[in-house]
There are 2 protein chains.
Amino acid sequence: MSILVVGSVAFDSIETPFGKVENALGGSATYFSISAGYFVPVNLVAVVGKDFPDKYSSVFKKHAVNIQGMEVVDGSTFQWKGKYGTDLSNPETIYTHLNVFQDFSPKIPQEYKKSDVVFLANIDPELQMYVLKQVNKPRLTACDTMNYWIENKKNELLKLLKNIDIFLLNEGEARRLVDEPNLLKCGKAILGLGPKKVIIKKGENGVLLFSHSSVFSTPAYLLETLKDPTGAGDTFAGGLMGYLRKSGRFTSDSEIRKGIIYGTVLASYTVQGFGVERLSGINYSDIQKRYHDYRRLTRY
Amino acid sequence: MSILVVGSVAFDSIETPFGKVENALGGSATYFSISAGYFVPVNLVAVVGKDFPDKYSSVFKKHAVNIQGMEVVDGSTFQWKGKYGTDLSNPETIYTHLNVFQDFSPKIPQEYKKSDVVFLANIDPELQMYVLKQVNKPRLTACDTMNYWIENKKNELLKLLKNIDIFLLNEGEARRLVDEPNLLKCGKAILGLGPKKVIIKKGENGVLLFSHSSVFSTPAYLLETLKDPTGAGDTFAGGLMGYLRKSGRFTSDSEIRKGIIYGTVLASYTVQGFGVERLSGINYSDIQKRYHDYRRLTRY
């Protein structure tokens with residue numbers, strides 16, 4: 001009972017009005033893995049450089065994340081630097097150094113090829129498809145993407161979506177993908193592209209889930225202090241997929257809704273600290289407690 | 001079992017990317033009354049000019065709204081013209097002709113002075129206070145406001161808030177009133193100003209309710225087509241107060257939450273048409289049906 005995730009592991013330098021960090025552990029697969037790791041073991045496939053420090057490997061090990069599939073190659077680890085304004089949305093990218101990530105061609109270790117739950121974090125949709133082809137009939141597949149691929153590799157993305165159970169994207173990406181401002185129409189149009197479920201992430205305004213039989217809308221967890229939104233979306237995906245993997249009821253609408261609440265709860269921890277510092281410092285009972293706080297916040 | 005509402009009745013000319021209307025029946029008290037009228041009889045106190053047509057009076061009568069307290073005086077009815085852009089937020093005001101509304105001094109008819117539920121729609125907070133003083137110990141008081149009063153009559157507004165049970169305002173107004181960007185902190189700070197409950201309306205992003213013991217967050221109803229958001233906030237207040245008046249359990253947190261859902265449902269009808277056309281054309285079973293749709297949309 002584990003999850004295979006393929007994506008980026010990076011050094012993030014982040015500045016927000018509330019502070020900054022330099023070369024912190026980041027990357028889509030990192031946030032996803034730590035988050036999902038609170039529910040089930042995670043098998044991570046990624047690439048880092050020789051400069052990747054032991055202290056960061058230790059973070060994964062602490063969180064039930066198996067990093068045997070994290071290749072260490074000559075060169076430097078992917079580096080990103082971004083700066084957020086007071087509204088903590090749309091960071092300005094100061095630099096993106098792909099480094100060893102530029103030639104990333106994810107090889108799935110033999111023992112992971114039977115993974116029945118696969119998460120394809122935001123990478124080139126051709127690579128996402130390449131991963132899927134290496135896995136032997138997974139029972140649940142999910143992926144994320146970004147505007148860059150929607151603009152530059154749309155055909156590859158559309159091909160991938162026909163093989164995906166749960167497609168996660170943010171509201172701006174959703175609107176761009178189907179050129180439709182209304183999110184209800186967006187969700188339905190994206191369902192028409194192939195995925196069985198579509199999840200549109202609206203940041204501080206919550207999440208929408210679309211399936212062929214229903215729509216679900218739920219707000220974000222309310223926080224008095226947000227420090228750094230980096231990784232919130234991948235953390236959300238980790239909580240959702242980790243919960244679903246643990247539950248085992250992959251097609252149950254009520255389980256997916258519950259998974260979305262867990263994803264929301266996990267993401268709320270990520271934004272409370274810089275990088276993975278807060279997410280990495282919680283335990284399962286913190287998650288359960290906040291899940292119940294969220295119920296009190298939303299039930300009627 | 002009725003509600004007293006004091007506010008504006010106006011002729012609205014509205015343009016959105018989806019069409020326009022000229023001199024349609026509008027005003028805060030109008031939307032509130034029609035909405036609340038689906039639950040209980042409403043006693044309306046307002047002022048209009050001699051130009052107010054019978055066909056608009058008939059709309060009120062159709063909706064259990066008693067307009068005996070709607071003064072008809074020499075002059076023209078309040079007129080507003082606004083134009084919305086594609087995102088349907090923050091209309092540009094083309095003109096505001098206060099006309100007879102300029103000298104509005106709400107006199108509460110003797111038979112309304114024992115009203116136990118009072119809604120003070122968005123007017124000068126001095127007038128709102130003046131209304132409250134005329135009513136004999138209401139059991140439930142609620143009010144709305146706008147940025148203009150926050151900027152120009154803040155002291156009067158603060159005095160009013162000490163006498164209010166439920167204070168409704170939108171997110172921009174909330175942030176401005178207490179000079180705080182974070183909505184959770186905003187809600188708590190506004191509670192500190194006196195009202196027993198604070199409701200922050202976030203438009204398409206739903207609603208927050210703050211009380212001293214809990215916070216409630218719920219999303220908006222999802223619609224594929226929005227035509228005109230004018231009056232959505234007052235319609236929301238009407239649904240909430242109408243439901244509460246019918247329920248009679250004015251201090252129950254669970255009843256207020258349920259009232260907020262009814263307010264959300266009613267507001268969703270208003271935005272589907274221009275002016276009151278859609279809101280005015282529904283019946284109680286439409287409301288019940290959409291309430292259940294909303295439950296399906298949000299439950300987990």
# chains A, B, ... in the order shown; residues from 1 in each chain; ligands from 1
call {"tool": "closest_atom_pairs", "arguments": {"of": "chain A", "to": "chain B", "cutoff": "10 Å", "atoms": "only C-alpha atoms", "output": "CSV"}}
result
residue,atom,partner,partner_atom,distance
A:Thr86,CA,B:Pro181,CA,9.3
A:Asp87,CA,B:Pro181,CA,8.8
A:Pro181,CA,B:Asp87,CA,8.8
A:Asn182,CA,B:Glu224,CA,6.5
A:Leu183,CA,B:Glu224,CA,7.9
A:Leu184,CA,B:Glu224,CA,5.7
A:Lys185,CA,B:Glu224,CA,6.0
A:Cys186,CA,B:Glu224,CA,9.4
A:Lys202,CA,B:Asn205,CA,9.5
A:Glu204,CA,B:Asn205,CA,9.4
A:Asn205,CA,B:Asn205,CA,6.0
A:Gly206,CA,B:Pro219,CA,8.2
A:Val207,CA,B:Pro219,CA,9.6
A:Leu208,CA,B:Leu297,CA,9.4
A:Leu209,CA,B:Leu297,CA,9.4
A:Ser214,CA,B:Leu297,CA,7.5
A:Val215,CA,B:Leu297,CA,5.7
A:Phe216,CA,B:Leu297,CA,4.6
A:Ser217,CA,B:Thr298,CA,5.4
A:Thr218,CA,B:Thr298,CA,6.1
A:Pro219,CA,B:Pro219,CA,6.0
A:Ala220,CA,B:Ser217,CA,8.5
A:Tyr221,CA,B:Ser217,CA,8.6
A:Leu222,CA,B:Leu184,CA,6.6
A:Leu223,CA,B:Leu184,CA,6.6
A:Glu224,CA,B:Leu184,CA,5.7
A:Thr225,CA,B:Asn182,CA,7.9
A:Leu226,CA,B:Asn182,CA,9.2
A:Asp253,CA,B:Tyr300,CA,9.1
A:Ser254,CA,B:Tyr300,CA,6.2
A:Glu255,CA,B:Tyr300,CA,8.4
A:Ile256,CA,B:Tyr300,CA,9.0
A:Arg257,CA,B:Tyr300,CA,5.7
A:Lys258,CA,B:Tyr300,CA,6.1
A:Gly259,CA,B:Tyr300,CA,9.7
A:Ile260,CA,B:Tyr300,CA,9.4
A:Ile261,CA,B:Tyr300,CA,8.5
A:Asp293,CA,B:Val215,CA,9.9
A:Tyr294,CA,B:Ser217,CA,9.3
A:Arg295,CA,B:Tyr300,CA,9.3
A:Arg296,CA,B:Phe216,CA,7.5
A:Leu297,CA,B:Phe216,CA,4.6
A:Thr298,CA,B:Ser217,CA,5.4
A:Arg299,CA,B:Phe216,CA,7.7
A:Tyr300,CA,B:Arg257,CA,5.7
call {"tool": "residues_around", "arguments": {"residues": "Asn152 (chain B)", "least_positions_apart": "4", "cutoff": "12 Å", "atoms": "only C-alpha atoms", "output": "VMD selection string"}}
result
chain B and resid 124 to 126 145 to 148 156 to 158 177
call {"tool": "residues_around", "arguments": {"residues": "region 21-35 of chain A", "least_positions_apart": "5", "cutoff": "6 Å", "atoms": "only C-alpha atoms", "output": "ChimeraX atom specification"}}
result
/A:7-14,63,231,234-235,238-239
call {"tool": "residues_around", "arguments": {"residues": "region 66-83 of chain A", "least_positions_apart": "6", "cutoff": "6 Å", "atoms": "only C-alpha atoms", "output": "PDB file with C-alpha atoms, in the first residue's frame"}}
result
ATOM      1  CA  ALA A  10      14.457  21.493  -5.849  1.00  0.00           C
ATOM      2  CA  PHE A  11      16.227  24.161  -3.871  1.00  0.00           C
ATOM      3  CA  ASP A  12      13.786  27.025  -3.387  1.00  0.00           C
ATOM      4  CA  SER A  13      14.705  30.566  -2.425  1.00  0.00           C
ATOM      5  CA  ILE A  14      11.551  32.357  -1.417  1.00  0.00           C
ATOM      6  CA  GLU A  15      10.778  35.862  -0.295  1.00  0.00           C
ATOM      7  CA  THR A  16       7.389  36.980   1.004  1.00  0.00           C
ATOM      8  CA  VAL A  42       5.521   7.070  -0.733  1.00  0.00           C
ATOM      9  CA  ASN A  43       7.951   6.006  -3.454  1.00  0.00           C
ATOM     10  CA  LEU A  44       9.598   9.070  -4.950  1.00  0.00           C
ATOM     11  CA  VAL A  45      11.112   9.223  -8.432  1.00  0.00           C
ATOM     12  CA  ALA A  46      13.039  12.414  -9.140  1.00  0.00           C
ATOM     13  CA  VAL A  47      16.507  13.696  -9.947  1.00  0.00           C
ATOM     14  CA  VAL A  48      18.904  15.799  -7.874  1.00  0.00           C
ATOM     15  CA  GLY A  49      22.536  16.877  -8.221  1.00  0.00           C
ATOM     16  CA  LYS A  50      25.584  15.875  -6.267  1.00  0.00           C
ATOM     17  CA  ASP A  51      25.002  18.992  -4.164  1.00  0.00           C
ATOM     18  CA  PRO A  91       5.105  35.150  -7.297  1.00  0.00           C
ATOM     19  CA  GLU A  92       7.588  36.946  -9.471  1.00  0.00           C
ATOM     20  CA  THR A  93      10.163  34.377 -10.600  1.00  0.00           C
ATOM     21  CA  ILE A  94      13.662  35.769  -9.992  1.00  0.00           C
ATOM     22  CA  TYR A  95      15.349  32.760 -11.596  1.00  0.00           C
ATOM     23  CA  THR A  96      14.739  29.152 -12.631  1.00  0.00           C
ATOM     24  CA  HIS A  97      17.885  27.041 -13.005  1.00  0.00           C
ATOM     25  CA  LEU A  98      16.728  23.643 -14.250  1.00  0.00           C
ATOM     26  CA  ASN A  99      20.255  22.179 -13.902  1.00  0.00           C
ATOM     27  CA  VAL A 100      20.054  18.360 -13.706  1.00  0.00           C
ATOM     28  CA  PHE A 101      16.265  18.544 -14.063  1.00  0.00           C
TER      29      PHE A 101
END
call {"tool": "atom_distance", "arguments": {"atom1": "CA of Thr270 (chain B)", "atom2": "CA of Asp228 (chain B)"}}
result
7.6 Å
call {"tool": "select_by_dssp", "arguments": {"residues": "region 203-275 of chain B", "states": "helix (DSSP H, G or I)", "output": "PyMOL selection string"}}
result
chain B and resi 203-205+232-247+253-270
call {"tool": "select_by_dssp", "arguments": {"residues": "region 66-292 of chain A", "states": "strand (DSSP E or B)", "output": "ChimeraX atom specification"}}
result
/A:66,70-73,79-83,92-97,117-120,140-143,166-170,197-201,207-211,215-218
call {"tool": "write_last_selection", "arguments": {"atoms": "N, CA and C atoms", "output": "short mmCIF file (atom, residue, chain, number, x, y, z; two decimals), in the first residue's frame"}}
result
data_model
loop_
_atom_site.label_atom_id
_atom_site.label_comp_id
_atom_site.auth_asym_id
_atom_site.auth_seq_id
_atom_site.Cartn_x
_atom_site.Cartn_y
_atom_site.Cartn_z
N ASN A 66 10.27 6.88 0.48
CA ASN A 66 11.36 6.06 -0.02
C ASN A 66 12.06 6.81 -1.17
N MET A 70 15.23 8.28 -6.28
CA MET A 70 15.68 9.65 -6.51
C MET A 70 17.13 9.57 -7.00
N GLU A 71 17.30 9.73 -8.32
CA GLU A 71 18.63 9.66 -8.93
C GLU A 71 19.50 10.82 -8.47
N VAL A 72 20.74 10.52 -8.19
CA VAL A 72 21.70 11.59 -7.90
C VAL A 72 22.70 11.61 -9.05
N VAL A 73 22.75 12.70 -9.81
CA VAL A 73 23.61 12.75 -10.99
C VAL A 73 24.58 13.93 -10.90
N GLN A 79 17.08 24.73 -9.17
CA GLN A 79 16.94 25.85 -8.24
C GLN A 79 15.89 26.83 -8.74
N TRP A 80 15.05 27.29 -7.81
CA TRP A 80 14.05 28.30 -8.16
C TRP A 80 14.08 29.40 -7.12
N LYS A 81 13.94 30.63 -7.60
CA LYS A 81 13.82 31.74 -6.66
C LYS A 81 12.61 32.59 -7.02
N GLY A 82 11.77 32.86 -6.05
CA GLY A 82 10.56 33.64 -6.31
C GLY A 82 10.27 34.61 -5.20
N LYS A 83 9.55 35.66 -5.57
CA LYS A 83 9.22 36.71 -4.61
C LYS A 83 7.71 36.99 -4.67
N GLU A 92 6.68 36.56 -8.39
CA GLU A 92 7.59 36.95 -9.47
C GLU A 92 8.75 35.95 -9.43
N THR A 93 9.03 35.30 -10.57
CA THR A 93 10.16 34.38 -10.60
C THR A 93 11.44 35.18 -10.81
N ILE A 94 12.38 35.06 -9.87
CA ILE A 94 13.66 35.77 -9.99
C ILE A 94 14.59 34.94 -10.89
N TYR A 95 14.64 33.64 -10.66
CA TYR A 95 15.35 32.76 -11.60
C TYR A 95 14.81 31.34 -11.51
N THR A 96 15.01 30.58 -12.59
CA THR A 96 14.74 29.15 -12.63
C THR A 96 15.97 28.51 -13.25
N HIS A 97 16.75 27.78 -12.47
CA HIS A 97 17.88 27.04 -13.01
C HIS A 97 17.50 25.57 -13.01
N VAL A 117 -1.22 3.21 -7.33
CA VAL A 117 -1.60 4.62 -7.28
C VAL A 117 -0.40 5.47 -7.71
N VAL A 118 -0.62 6.28 -8.73
CA VAL A 118 0.48 7.06 -9.32
C VAL A 118 0.09 8.53 -9.37
N PHE A 119 1.00 9.38 -8.87
CA PHE A 119 0.78 10.82 -9.01
C PHE A 119 1.89 11.42 -9.87
N LEU A 120 1.48 12.06 -10.95
CA LEU A 120 2.40 12.71 -11.87
C LEU A 120 2.38 14.20 -11.56
N LEU A 140 -5.26 3.85 -9.93
CA LEU A 140 -5.62 5.27 -9.77
C LEU A 140 -4.46 6.14 -10.23
N THR A 141 -4.74 7.00 -11.22
CA THR A 141 -3.70 7.91 -11.71
C THR A 141 -4.19 9.35 -11.54
N ALA A 142 -3.27 10.22 -11.16
CA ALA A 142 -3.61 11.63 -11.04
C ALA A 142 -2.45 12.46 -11.54
N CYS A 143 -2.74 13.66 -12.02
CA CYS A 143 -1.66 14.54 -12.46
C CYS A 143 -2.01 16.00 -12.23
N ILE A 166 -7.73 11.48 -12.03
CA ILE A 166 -7.96 12.75 -11.34
C ILE A 166 -6.98 13.79 -11.87
N PHE A 167 -7.53 14.85 -12.45
CA PHE A 167 -6.70 15.93 -13.00
C PHE A 167 -6.85 17.14 -12.09
N LEU A 168 -5.72 17.59 -11.56
CA LEU A 168 -5.73 18.76 -10.68
C LEU A 168 -5.10 19.94 -11.38
N LEU A 169 -5.73 21.09 -11.30
CA LEU A 169 -5.12 22.32 -11.85
C LEU A 169 -5.71 23.51 -11.13
N ASN A 170 -5.05 24.66 -11.24
CA ASN A 170 -5.61 25.82 -10.55
C ASN A 170 -6.58 26.57 -11.46
N LYS A 197 -12.22 12.66 -13.07
CA LYS A 197 -12.53 13.72 -12.10
C LYS A 197 -11.63 14.91 -12.40
N VAL A 198 -12.14 16.10 -12.19
CA VAL A 198 -11.35 17.32 -12.36
C VAL A 198 -11.42 18.11 -11.06
N ILE A 199 -10.28 18.49 -10.55
CA ILE A 199 -10.23 19.30 -9.34
C ILE A 199 -9.61 20.66 -9.67
N ILE A 200 -10.40 21.71 -9.46
CA ILE A 200 -9.91 23.06 -9.71
C ILE A 200 -9.59 23.70 -8.36
N LYS A 201 -8.30 24.07 -8.21
CA LYS A 201 -7.82 24.66 -6.95
C LYS A 201 -7.93 26.18 -7.04
N VAL A 207 -11.79 24.86 -3.20
CA VAL A 207 -11.57 23.83 -4.21
C VAL A 207 -12.90 23.41 -4.82
N LEU A 208 -12.87 23.08 -6.11
CA LEU A 208 -14.03 22.50 -6.78
C LEU A 208 -13.67 21.11 -7.31
N LEU A 209 -14.59 20.17 -7.16
CA LEU A 209 -14.41 18.82 -7.71
C LEU A 209 -15.53 18.55 -8.70
N PHE A 210 -15.16 18.14 -9.90
CA PHE A 210 -16.15 17.80 -10.92
C PHE A 210 -16.04 16.32 -11.26
N SER A 211 -17.19 15.63 -11.26
CA SER A 211 -17.23 14.30 -11.84
C SER A 211 -18.45 14.27 -12.75
N VAL A 215 -20.94 17.79 -8.61
CA VAL A 215 -19.95 18.85 -8.39
C VAL A 215 -19.86 19.08 -6.88
N PHE A 216 -18.66 19.34 -6.40
CA PHE A 216 -18.42 19.58 -4.97
C PHE A 216 -17.64 20.87 -4.83
N SER A 217 -18.05 21.71 -3.89
CA SER A 217 -17.36 22.98 -3.65
C SER A 217 -17.10 23.09 -2.16
N THR A 218 -15.89 23.41 -1.79
CA THR A 218 -15.58 23.55 -0.36
C THR A 218 -14.56 24.66 -0.15
#
